[in-house]
file query.cif (mmCIF, C-alpha atoms)
data_coords
#
loop_
_atom_site.label_atom_id
_atom_site.label_comp_id
_atom_site.auth_asym_id
_atom_site.auth_seq_id
_atom_site.Cartn_x
_atom_site.Cartn_y
_atom_site.Cartn_z
CA MET L 215 56.11 -41.62 -49.71
CA ASN L 216 55.00 -40.36 -53.11
CA THR L 217 52.27 -42.28 -54.88
CA PRO L 218 53.51 -43.75 -58.18
CA ALA L 219 52.15 -41.93 -61.20
CA THR L 220 49.31 -43.61 -63.02
CA PRO L 221 50.42 -44.79 -66.49
CA ARG L 222 49.06 -42.60 -69.26
CA THR L 223 46.33 -44.09 -71.41
CA SER L 224 44.53 -42.84 -74.51
CA ALA L 225 41.31 -42.66 -72.47
CA LEU L 226 42.65 -39.78 -70.40
CA GLY L 227 42.23 -36.15 -71.38
CA LYS L 228 45.05 -33.61 -71.37
CA LEU L 229 45.57 -30.63 -69.07
CA TYR L 230 46.18 -27.46 -71.09
CA LEU L 231 47.80 -24.49 -69.34
CA VAL L 232 46.13 -21.56 -71.07
CA PRO L 233 47.75 -18.14 -70.63
CA ALA L 234 45.54 -15.09 -70.31
CA PRO L 235 46.27 -11.57 -71.57
CA LEU L 236 48.03 -9.26 -69.14
CA ASP L 237 45.25 -6.67 -69.33
CA PHE L 238 42.99 -8.64 -66.97
CA GLY L 239 41.95 -6.39 -64.11
CA CYS L 240 42.88 -3.25 -66.04
CA ASP L 241 40.51 -0.62 -67.40
CA GLN L 242 41.31 -1.07 -71.08
CA ALA L 243 41.37 -4.35 -72.97
CA THR L 244 44.02 -4.74 -75.65
CA ASP L 245 43.84 -6.47 -79.01
CA LEU L 246 43.94 -10.14 -78.04
CA GLN L 247 45.71 -11.18 -81.21
CA ALA L 248 48.56 -8.76 -80.50
CA SER L 249 49.78 -10.83 -77.54
CA MET L 250 48.18 -14.27 -77.94
CA PRO L 251 49.12 -16.66 -80.77
CA LEU L 252 46.23 -17.87 -82.89
CA GLY L 253 47.15 -21.49 -82.13
CA THR L 254 46.71 -20.85 -78.41
CA LEU L 255 43.32 -19.22 -78.95
CA GLN L 256 42.16 -22.05 -81.21
CA GLN L 257 43.17 -24.67 -78.65
CA ALA L 258 41.41 -22.75 -75.89
CA ALA L 259 38.30 -22.49 -78.06
CA SER L 260 38.21 -26.27 -78.36
CA LEU L 261 37.93 -26.82 -74.59
CA SER L 262 34.66 -27.13 -72.71
CA HIS L 263 35.99 -28.00 -69.23
CA TRP L 264 37.94 -25.45 -67.21
CA VAL L 265 39.60 -24.86 -63.85
CA CYS L 266 39.91 -21.13 -63.20
CA GLU L 267 40.52 -18.50 -60.54
CA ASN L 268 37.32 -16.61 -61.25
CA ALA L 269 34.48 -17.92 -63.41
CA LYS L 270 33.21 -14.44 -64.31
CA THR L 271 36.51 -13.22 -65.73
CA ALA L 272 37.14 -16.59 -67.37
CA ARG L 273 33.83 -16.26 -69.23
CA ALA L 274 34.79 -12.72 -70.28
CA TYR L 275 38.06 -14.06 -71.69
CA LEU L 276 36.24 -16.85 -73.54
CA LYS L 277 33.93 -14.26 -75.10
CA ARG L 278 36.98 -12.41 -76.41
CA ILE L 279 38.35 -15.65 -77.83
CA HIS L 280 35.00 -16.35 -79.51
CA ASP L 281 35.28 -13.03 -81.37
CA ILE L 282 38.40 -14.43 -83.05
CA THR L 283 37.77 -18.17 -83.31
CA PRO L 284 34.44 -19.89 -82.54
CA LEU L 285 34.12 -21.73 -79.24
CA CYS L 286 33.29 -25.44 -79.35
CA GLN L 287 30.03 -24.81 -77.49
CA PRO L 288 28.16 -21.94 -75.83
CA ILE L 289 29.82 -20.61 -72.70
CA GLN L 290 26.67 -21.34 -70.70
CA ALA L 291 27.09 -25.04 -71.46
CA MET L 292 30.74 -25.18 -70.36
CA SER L 293 32.01 -26.47 -67.03
CA LEU L 294 33.99 -23.80 -65.15
CA VAL L 295 35.21 -24.81 -61.69
CA GLU L 296 36.91 -22.22 -59.51
CA LEU L 297 39.96 -22.91 -57.37
CA PRO L 298 39.07 -22.67 -53.65
CA ARG L 299 39.27 -19.29 -51.97
CA GLU L 300 42.07 -20.45 -49.67
CA VAL L 301 44.23 -21.15 -52.70
CA HIS L 302 43.86 -17.52 -53.77
CA LYS L 303 44.78 -16.25 -50.31
CA LYS L 304 47.60 -18.62 -49.41
CA GLY L 305 48.75 -19.97 -52.77
CA ASP L 306 49.20 -23.61 -53.69
CA HIS L 307 52.83 -23.79 -54.76
CA GLN L 308 54.00 -25.67 -51.65
CA GLY L 309 51.77 -28.70 -52.10
CA GLN L 310 49.29 -27.98 -49.32
CA PHE L 311 46.19 -28.22 -51.50
CA ASP L 312 44.91 -31.54 -52.89
CA ALA L 313 43.68 -30.73 -56.41
CA ARG L 314 42.86 -34.26 -57.52
CA GLY L 315 39.12 -33.62 -57.38
CA LEU L 316 39.43 -30.85 -59.98
CA LEU L 317 40.77 -33.30 -62.56
CA ALA L 318 37.61 -35.41 -62.83
CA PRO L 319 36.78 -34.32 -66.41
CA ALA L 320 40.29 -35.20 -67.65
CA LEU L 321 40.19 -38.56 -65.89
CA GLN L 322 36.93 -39.19 -67.74
CA GLY L 323 38.57 -38.45 -71.10
CA HIS L 324 37.85 -34.73 -71.56
CA ASP L 325 40.62 -32.23 -72.25
CA LEU L 326 40.79 -29.69 -69.43
CA GLY L 327 41.96 -26.08 -69.44
CA LEU L 328 43.65 -24.31 -66.52
CA ILE L 329 43.53 -20.53 -66.57
CA SER L 330 44.52 -17.76 -64.15
CA GLU L 331 43.64 -14.07 -64.12
CA ALA L 332 46.62 -12.94 -66.20
CA GLY L 333 49.67 -14.54 -67.76
CA MET L 334 50.60 -18.18 -67.32
CA PRO L 335 48.86 -20.33 -64.70
CA ALA L 336 51.13 -21.47 -61.85
CA ILE L 337 53.69 -18.70 -62.57
CA ALA L 338 53.17 -16.06 -59.86
CA ASP L 339 49.58 -17.31 -59.84
CA PRO L 340 47.69 -20.32 -58.44
CA GLY L 341 47.63 -23.57 -60.38
CA ALA L 342 50.75 -25.50 -59.38
CA SER L 343 48.67 -27.93 -57.34
CA VAL L 344 46.51 -28.76 -60.36
CA VAL L 345 49.56 -29.34 -62.55
CA ARG L 346 51.23 -31.50 -59.90
CA ALA L 347 48.07 -33.58 -59.44
CA ALA L 348 47.80 -34.01 -63.21
CA HIS L 349 51.33 -35.43 -63.40
CA ASP L 350 50.60 -37.77 -60.50
CA ALA L 351 47.43 -38.96 -62.27
CA GLY L 352 49.29 -39.70 -65.49
CA LEU L 353 47.74 -36.84 -67.46
CA GLN L 354 49.68 -35.13 -70.21
CA VAL L 355 50.36 -31.47 -69.32
CA CYS L 356 50.46 -29.08 -72.29
CA PRO L 357 51.57 -25.46 -71.67
CA LEU L 358 50.39 -23.10 -74.40
CA VAL L 359 52.30 -20.07 -75.65
CA GLY L 360 51.36 -16.64 -74.33
CA PRO L 361 52.62 -13.66 -72.31
CA VAL L 362 54.47 -14.18 -69.02
CA SER L 363 55.08 -10.82 -67.36
CA LEU L 364 58.09 -11.95 -65.33
CA LEU L 365 60.10 -13.04 -68.35
CA LEU L 366 59.04 -10.04 -70.44
CA ALA L 367 60.13 -7.73 -67.62
CA LEU L 368 63.44 -9.54 -67.15
CA ALA L 369 64.24 -9.45 -70.86
CA ALA L 370 63.52 -5.72 -70.99
CA SER L 371 65.39 -4.82 -67.79
CA GLY L 372 68.98 -4.97 -68.97
CA LEU L 373 69.75 -7.04 -65.88
CA ASN L 374 71.27 -10.52 -65.68
CA GLY L 375 69.05 -12.97 -67.54
CA GLN L 376 71.43 -15.90 -67.00
CA ASN L 377 71.00 -15.96 -63.23
CA PHE L 378 67.79 -14.66 -61.66
CA ALA L 379 65.25 -15.44 -58.97
CA PHE L 380 61.59 -14.58 -58.54
CA VAL L 381 60.81 -13.98 -54.86
CA GLY L 382 57.09 -13.20 -55.05
CA TYR L 383 55.64 -10.54 -52.75
CA LEU L 384 57.66 -8.65 -50.17
CA PRO L 385 56.43 -7.98 -46.60
CA GLN L 386 53.75 -5.32 -46.17
CA ASP L 387 55.22 -4.02 -42.91
CA ALA L 388 57.51 -1.09 -43.74
CA GLN L 389 60.45 -2.17 -41.57
CA GLU L 390 60.24 -5.79 -42.67
CA ARG L 391 59.99 -4.70 -46.30
CA CYS L 392 63.12 -2.55 -46.05
CA ALA L 393 65.03 -5.37 -44.35
CA ARG L 394 63.98 -7.76 -47.11
CA LEU L 395 65.03 -5.28 -49.79
CA ARG L 396 68.46 -4.91 -48.21
CA ASP L 397 68.88 -8.70 -48.15
CA LEU L 398 67.84 -9.03 -51.80
CA GLU L 399 70.10 -6.17 -52.83
CA ALA L 400 73.08 -7.69 -51.02
CA LEU L 401 72.49 -11.00 -52.79
CA ALA L 402 72.11 -9.31 -56.18
CA LEU L 403 75.27 -7.23 -55.79
CA LYS L 404 77.34 -10.13 -54.44
CA THR L 405 76.30 -12.83 -56.90
CA GLY L 406 74.97 -10.90 -59.88
CA GLN L 407 71.64 -12.71 -59.53
CA THR L 408 68.75 -10.51 -60.61
CA GLN L 409 65.96 -10.35 -58.01
CA LEU L 410 62.40 -10.12 -59.36
CA PHE L 411 59.33 -9.39 -57.25
CA ILE L 412 55.80 -8.07 -57.56
CA GLU L 413 53.34 -6.07 -55.51
CA THR L 414 49.60 -5.55 -55.38
CA PRO L 415 49.02 -2.65 -57.81
CA TYR L 416 47.49 -0.28 -55.26
CA ARG L 417 50.78 -0.44 -53.32
CA ASN L 418 52.98 0.38 -56.33
CA ALA L 419 53.72 3.91 -55.13
CA VAL L 420 54.59 2.72 -51.64
CA MET L 421 56.96 0.12 -53.08
CA LEU L 422 58.70 2.67 -55.30
CA ALA L 423 59.20 4.99 -52.33
CA ALA L 424 60.68 2.14 -50.29
CA LEU L 425 63.03 1.18 -53.11
CA LYS L 426 64.33 4.73 -53.53
CA HIS L 427 64.77 5.10 -49.78
CA THR L 428 66.42 1.72 -49.12
CA LEU L 429 68.61 0.74 -52.07
CA GLN L 430 72.13 1.96 -52.74
CA PRO L 431 72.61 4.69 -55.38
CA HIS L 432 74.35 2.47 -57.95
CA THR L 433 72.02 -0.52 -57.67
CA ARG L 434 70.02 -0.84 -60.88
CA LEU L 435 66.25 -0.82 -60.51
CA ALA L 436 63.97 -1.82 -63.38
CA ILE L 437 60.20 -1.43 -63.22
CA SER L 438 57.92 -2.78 -65.92
CA SER L 439 54.18 -2.09 -65.85
CA GLY L 440 51.28 -2.62 -68.23
CA LEU L 441 53.31 -5.00 -70.37
CA THR L 442 51.75 -5.78 -73.79
CA MET L 443 49.31 -2.91 -73.24
CA ALA L 444 49.19 0.46 -74.99
CA GLN L 445 50.27 2.23 -71.78
CA ALA L 446 53.22 -0.12 -71.16
CA SER L 447 56.13 1.42 -69.26
CA ILE L 448 59.61 -0.11 -68.92
CA ILE L 449 62.22 1.97 -67.07
CA SER L 450 65.64 0.73 -65.92
CA HIS L 451 68.11 3.05 -64.20
CA PRO L 452 70.44 3.19 -61.18
CA VAL L 453 68.61 4.15 -58.00
CA LYS L 454 70.32 7.56 -57.93
CA HIS L 455 68.53 8.33 -61.21
CA TRP L 456 65.20 7.16 -59.80
CA LYS L 457 65.63 9.53 -56.84
CA GLN L 458 65.91 12.44 -59.26
CA SER L 459 63.02 11.26 -61.42
CA THR L 460 59.43 12.38 -61.14
CA ALA L 461 58.13 9.10 -62.62
CA VAL L 462 54.88 7.95 -61.01
CA LEU L 463 53.55 4.39 -61.02
CA ASP L 464 49.91 3.81 -61.86
CA ASN L 465 48.29 2.21 -58.83
CA ALA L 466 45.80 0.39 -61.07
CA ILE L 467 48.27 -1.43 -63.31
CA PRO L 468 50.33 -4.48 -62.23
CA ALA L 469 54.10 -3.98 -62.20
CA VAL L 470 57.18 -6.20 -62.01
CA PHE L 471 60.18 -4.91 -60.05
CA ALA L 472 63.76 -6.07 -60.64
CA ILE L 473 67.02 -5.14 -58.92
CA GLY L 474 70.57 -6.07 -59.82
CA ARG L 475 73.86 -4.71 -60.97
#

call {"tool": "encode", "arguments": {"input": "query.cif", "output": "structure tokens"}}
result
Amino acid sequence: MNTPATPRTSALGKLYLVPAPLDFGCDQATDLQASMPLGTLQQAASLSHWVCENAKTARAYLKRIHDITPLCQPIQAMSLVELPREVHKKGDHQGQFDARGLLAPALQGHDLGLISEAGMPAIADPGASVVRAAHDAGLQVCPLVGPVSLLLALAASGLNGQNFAFVGYLPQDAQERCARLRDLEALALKTGQTQLFIETPYRNAVMLAALKHTLQPHTRLAISSGLTMAQASIISHPVKHWKQSTAVLDNAIPAVFAIGR
């Protein structure tokens, strides 16, 4: 039985979902103001309590924000609490992690920021458990505007944006991966539903090879990498074209894969 949500009161802080630039983990940082609205950066600069994936990279992001709009206090004085390691490894989107303890600052009246390594927290990243716990505790959840790679890739793919599904990571085992690709392709071709998925960057080349080997010639494959960055690449063609192409995916830059008709 679900616990009834605690009524909201003015004494409670808010949970802000703060998007991060998509260049996290890449060699070259982009101009923050080119992809992040000033309002988002100003709101982030006003927060002194954070839940993050990695405190080191969160501090680096806050330093970049400070170069644009002053932080409310020195980074050294801020509270940055990392999500547990098991959340990184197994995810938290199925409700298996109790995040209530991370909300203590907001329950004490402080606004709290949630940040992931890139893009929007809880979208293909950890954080759903924190958001769910915030709702259950009666906290107001405020998503801020910023880049979300999945939607940018979908919009740029030329595939069906009215009916789509994000299916996360595919199996690492070669045979299981090919079987999963065939299932996703069959669903996409039958229903018109675009299938979106991602892969760990260092396996980009392996994924592309599997796609070219497994998918039918007329299935459309779109691959978007380095979105919002200077080296951004967005290519969408039937698989038969990909087989003739010499395009190579950078194994250091995250990519979003989409298949459809």

call {"tool": "residues_around", "arguments": {"input": "query.cif", "residues": "region 279-282 of chain L", "least_positions_apart": "4", "cutoff": "9 Å", "atoms": "only C-alpha atoms", "output": "ChimeraX atom specification"}}
result
/L:246-247,252,255-256,258-259,274-275

call {"tool": "closest_residue", "arguments": {"input": "query.cif", "among": "L:Leu401, L:Ile473, L:Leu429, L:Met334", "to": "Gly360 (chain L)", "atoms": "only C-alpha atoms"}}
result
L:Met334

call {"tool": "residues_near_point", "arguments": {"input": "query.cif", "point": "(50.5, -8.4, -75.1)", "cutoff": "10 Å", "atoms": "all atoms listed in the file", "output": "list of chain:residue names"}}
result
L:Ala234, L:Pro235, L:Leu236, L:Asp237, L:Thr244, L:Asp245, L:Leu246, L:Gln247, L:Ala248, L:Ser249, L:Met250, L:Gly333, L:Gly360, L:Pro361, L:Val362, L:Ser363, L:Leu366, L:Gly440, L:Leu441, L:Thr442, L:Met443, L:Ala444, L:Ala446

call {"tool": "resolve_selection", "arguments": {"input": "query.cif", "expression": "the PyMOL selection byres ((chain L and resi 447) around 12)", "output": "list in words"}}
result
Leu366, Ala367, Ala370, Ser371, Ala436, Ile437, Ser438, Ser439, Gly440, Leu441, Thr442, Met443, Ala444, Gln445, Ala446, Ile448, Ile449, Ser450, Ala461, Val462, Leu463, Asp464, Ile467, Pro468, Ala469, Val470 and Phe471 of chain L

call {"tool": "write_last_selection", "arguments": {"input": "query.cif", "atoms": "C-alpha atoms", "output": "PDB file, keeping the file's coordinate frame"}}
result
ATOM      1  CA  LEU L 366      59.040 -10.040 -70.440  1.00  0.00           C
ATOM      2  CA  ALA L 367      60.130  -7.730 -67.620  1.00  0.00           C
ATOM      3  CA  ALA L 370      63.520  -5.720 -70.990  1.00  0.00           C
ATOM      4  CA  SER L 371      65.390  -4.820 -67.790  1.00  0.00           C
ATOM      5  CA  ALA L 436      63.970  -1.820 -63.380  1.00  0.00           C
ATOM      6  CA  ILE L 437      60.200  -1.430 -63.220  1.00  0.00           C
ATOM      7  CA  SER L 438      57.920  -2.780 -65.920  1.00  0.00           C
ATOM      8  CA  SER L 439      54.180  -2.090 -65.850  1.00  0.00           C
ATOM      9  CA  GLY L 440      51.280  -2.620 -68.230  1.00  0.00           C
ATOM     10  CA  LEU L 441      53.310  -5.000 -70.370  1.00  0.00           C
ATOM     11  CA  THR L 442      51.750  -5.780 -73.790  1.00  0.00           C
ATOM     12  CA  MET L 443      49.310  -2.910 -73.240  1.00  0.00           C
ATOM     13  CA  ALA L 444      49.190   0.460 -74.990  1.00  0.00           C
ATOM     14  CA  GLN L 445      50.270   2.230 -71.780  1.00  0.00           C
ATOM     15  CA  ALA L 446      53.220  -0.120 -71.160  1.00  0.00           C
ATOM     16  CA  ILE L 448      59.610  -0.110 -68.920  1.00  0.00           C
ATOM     17  CA  ILE L 449      62.220   1.970 -67.070  1.00  0.00           C
ATOM     18  CA  SER L 450      65.640   0.730 -65.920  1.00  0.00           C
ATOM     19  CA  ALA L 461      58.130   9.100 -62.620  1.00  0.00           C
ATOM     20  CA  VAL L 462      54.880   7.950 -61.010  1.00  0.00           C
ATOM     21  CA  LEU L 463      53.550   4.390 -61.020  1.00  0.00           C
ATOM     22  CA  ASP L 464      49.910   3.810 -61.860  1.00  0.00           C
ATOM     23  CA  ILE L 467      48.270  -1.430 -63.310  1.00  0.00           C
ATOM     24  CA  PRO L 468      50.330  -4.480 -62.230  1.00  0.00           C
ATOM     25  CA  ALA L 469      54.100  -3.980 -62.200  1.00  0.00           C
ATOM     26  CA  VAL L 470      57.180  -6.200 -62.010  1.00  0.00           C
ATOM     27  CA  PHE L 471      60.180  -4.910 -60.050  1.00  0.00           C
TER      28      PHE L 471
END

call {"tool": "residues_around", "arguments": {"input": "query.cif", "residues": "Gly341 (chain L)", "least_positions_apart": "3", "cutoff": "8 Å", "atoms": "only C-alpha atoms", "output": "ChimeraX atom specification"}}
result
/L:306-307,328,330,335-336,344-345

call {"tool": "residues_near_point", "arguments": {"input": "query.cif", "point": "(29.8, -20.8, -79.6)", "cutoff": "9 Å", "atoms": "all atoms listed in the file", "output": "VMD selection string"}}
result
chain L and resid 259 277 280 284 to 289

call {"tool": "atom_distance", "arguments": {"input": "query.cif", "atom1": "CA of Ala291 (chain L)", "atom2": "CA of Asp325 (chain L)"}}
result
15.3 Å

call {"tool": "atom_distance", "arguments": {"input": "query.cif", "atom1": "CA of Leu435 (chain L)", "atom2": "CA of Trp456 (chain L)"}}
result
8.1 Å

call {"tool": "closest_residue", "arguments": {"input": "query.cif", "among": "L:Leu403, L:Ala338, L:Ala269, L:Ala369", "to": "Tyr383 (chain L)", "atoms": "all atoms listed in the file"}}
result
L:Ala338

call {"tool": "resolve_selection", "arguments": {"input": "query.cif", "expression": "the PyMOL selection byres ((chain L and resi 323) around 8)", "output": "number ranges by chain"}}
result
L: 225-227, 319-322, 324-325

call {"tool": "resolve_selection", "arguments": {"input": "query.cif", "expression": "the PyMOL selection byres ((chain L and resi 388) around 12)", "output": "PDB file with C-alpha atoms, in the coordinates of the input"}}
result
ATOM      1  CA  LEU L 384      57.660  -8.650 -50.170  1.00  0.00           C
ATOM      2  CA  PRO L 385      56.430  -7.980 -46.600  1.00  0.00           C
ATOM      3  CA  GLN L 386      53.750  -5.320 -46.170  1.00  0.00           C
ATOM      4  CA  ASP L 387      55.220  -4.020 -42.910  1.00  0.00           C
ATOM      5  CA  GLN L 389      60.450  -2.170 -41.570  1.00  0.00           C
ATOM      6  CA  GLU L 390      60.240  -5.790 -42.670  1.00  0.00           C
ATOM      7  CA  ARG L 391      59.990  -4.700 -46.300  1.00  0.00           C
ATOM      8  CA  CYS L 392      63.120  -2.550 -46.050  1.00  0.00           C
ATOM      9  CA  ALA L 393      65.030  -5.370 -44.350  1.00  0.00           C
ATOM     10  CA  ARG L 394      63.980  -7.760 -47.110  1.00  0.00           C
ATOM     11  CA  LEU L 395      65.030  -5.280 -49.790  1.00  0.00           C
ATOM     12  CA  ARG L 417      50.780  -0.440 -53.320  1.00  0.00           C
ATOM     13  CA  VAL L 420      54.590   2.720 -51.640  1.00  0.00           C
ATOM     14  CA  MET L 421      56.960   0.120 -53.080  1.00  0.00           C
ATOM     15  CA  ALA L 423      59.200   4.990 -52.330  1.00  0.00           C
ATOM     16  CA  ALA L 424      60.680   2.140 -50.290  1.00  0.00           C
ATOM     17  CA  LEU L 425      63.030   1.180 -53.110  1.00  0.00           C
ATOM     18  CA  HIS L 427      64.770   5.100 -49.780  1.00  0.00           C
ATOM     19  CA  THR L 428      66.420   1.720 -49.120  1.00  0.00           C
TER      20      THR L 428
END

call {"tool": "closest_residue", "arguments": {"input": "query.cif", "among": "L:Thr254, L:Thr283, L:Gln310, L:Gln458", "to": "Pro431 (chain L)", "atoms": "only C-alpha atoms"}}
result
L:Gln458

call {"tool": "atom_distance", "arguments": {"input": "query.cif", "atom1": "CA of Asn374 (chain L)", "atom2": "CA of Arg475 (chain L)"}}
result
7.9 Å

call {"tool": "residues_around", "arguments": {"input": "query.cif", "residues": "Ser293 (chain L)", "least_positions_apart": "4", "cutoff": "7 Å", "atoms": "only C-alpha atoms", "output": "mmCIF file with C-alpha atoms, keeping the file's coordinate frame"}}
result
data_model
loop_
_atom_site.group_PDB
_atom_site.id
_atom_site.type_symbol
_atom_site.label_atom_id
_atom_site.label_comp_id
_atom_site.auth_asym_id
_atom_site.auth_seq_id
_atom_site.Cartn_x
_atom_site.Cartn_y
_atom_site.Cartn_z
ATOM 1 C CA SER L 262 34.660 -27.130 -72.710
ATOM 2 C CA HIS L 263 35.990 -28.000 -69.230
ATOM 3 C CA TRP L 264 37.940 -25.450 -67.210
#

call {"tool": "build_atoms", "arguments": {"input": "query.cif", "residues": "region 310-325 of chain L", "atoms": "N, CA, C and O atoms", "output": "mmCIF file, in the frame of the given file"}}
result
data_model
loop_
_atom_site.group_PDB
_atom_site.id
_atom_site.type_symbol
_atom_site.label_atom_id
_atom_site.label_comp_id
_atom_site.auth_asym_id
_atom_site.auth_seq_id
_atom_site.Cartn_x
_atom_site.Cartn_y
_atom_site.Cartn_z
ATOM 1 N N GLN L 310 50.212 -27.827 -50.443
ATOM 2 C CA GLN L 310 49.290 -27.980 -49.320
ATOM 3 C C GLN L 310 47.850 -28.211 -49.743
ATOM 4 O O GLN L 310 46.999 -28.509 -48.907
ATOM 5 N N PHE L 311 47.553 -28.049 -51.027
ATOM 6 C CA PHE L 311 46.190 -28.220 -51.500
ATOM 7 C C PHE L 311 46.097 -29.464 -52.392
ATOM 8 O O PHE L 311 46.890 -29.637 -53.308
ATOM 9 N N ASP L 312 45.128 -30.315 -52.107
ATOM 10 C CA ASP L 312 44.910 -31.540 -52.890
ATOM 11 C C ASP L 312 43.955 -31.215 -54.036
ATOM 12 O O ASP L 312 42.757 -31.014 -53.822
ATOM 13 N N ALA L 313 44.473 -31.149 -55.254
ATOM 14 C CA ALA L 313 43.680 -30.730 -56.410
ATOM 15 C C ALA L 313 43.139 -31.899 -57.219
ATOM 16 O O ALA L 313 42.584 -31.690 -58.298
ATOM 17 N N ARG L 314 43.269 -33.116 -56.719
ATOM 18 C CA ARG L 314 42.860 -34.260 -57.520
ATOM 19 C C ARG L 314 41.391 -34.199 -57.933
ATOM 20 O O ARG L 314 41.034 -34.606 -59.048
ATOM 21 N N GLY L 315 40.543 -33.676 -57.059
ATOM 22 C CA GLY L 315 39.120 -33.620 -57.380
ATOM 23 C C GLY L 315 38.792 -32.724 -58.562
ATOM 24 O O GLY L 315 37.751 -32.902 -59.204
ATOM 25 N N LEU L 316 39.674 -31.768 -58.873
ATOM 26 C CA LEU L 316 39.430 -30.850 -59.980
ATOM 27 C C LEU L 316 39.718 -31.487 -61.335
ATOM 28 O O LEU L 316 39.366 -30.929 -62.379
ATOM 29 N N LEU L 317 40.353 -32.652 -61.313
ATOM 30 C CA LEU L 317 40.770 -33.300 -62.560
ATOM 31 C C LEU L 317 39.759 -34.315 -63.077
ATOM 32 O O LEU L 317 40.024 -35.001 -64.061
ATOM 33 N N ALA L 318 38.600 -34.395 -62.443
ATOM 34 C CA ALA L 318 37.610 -35.410 -62.830
ATOM 35 C C ALA L 318 37.299 -35.423 -64.317
ATOM 36 O O ALA L 318 37.270 -36.503 -64.940
ATOM 37 N N PRO L 319 37.084 -34.266 -64.971
ATOM 38 C CA PRO L 319 36.780 -34.320 -66.410
ATOM 39 C C PRO L 319 37.901 -34.958 -67.235
ATOM 40 O O PRO L 319 37.633 -35.745 -68.150
ATOM 41 N N ALA L 320 39.162 -34.631 -66.894
ATOM 42 C CA ALA L 320 40.290 -35.200 -67.650
ATOM 43 C C ALA L 320 40.412 -36.698 -67.403
ATOM 44 O O ALA L 320 40.749 -37.463 -68.315
ATOM 45 N N LEU L 321 40.131 -37.125 -66.193
ATOM 46 C CA LEU L 321 40.190 -38.560 -65.890
ATOM 47 C C LEU L 321 39.073 -39.320 -66.593
ATOM 48 O O LEU L 321 39.162 -40.534 -66.793
ATOM 49 N N GLN L 322 38.037 -38.591 -67.001
ATOM 50 C CA GLN L 322 36.930 -39.190 -67.740
ATOM 51 C C GLN L 322 37.110 -39.063 -69.253
ATOM 52 O O GLN L 322 36.231 -39.439 -70.022
ATOM 53 N N GLY L 323 38.266 -38.507 -69.673
ATOM 54 C CA GLY L 323 38.570 -38.450 -71.100
ATOM 55 C C GLY L 323 38.413 -37.103 -71.755
ATOM 56 O O GLY L 323 38.661 -36.968 -72.955
ATOM 57 N N HIS L 324 38.024 -36.065 -70.985
ATOM 58 C CA HIS L 324 37.850 -34.730 -71.560
ATOM 59 C C HIS L 324 39.129 -33.909 -71.388
ATOM 60 O O HIS L 324 39.728 -33.917 -70.306
ATOM 61 N N ASP L 325 39.523 -33.176 -72.418
ATOM 62 C CA ASP L 325 40.620 -32.230 -72.250
ATOM 63 C C ASP L 325 40.170 -31.121 -71.318
ATOM 64 O O ASP L 325 39.007 -30.683 -71.352
#
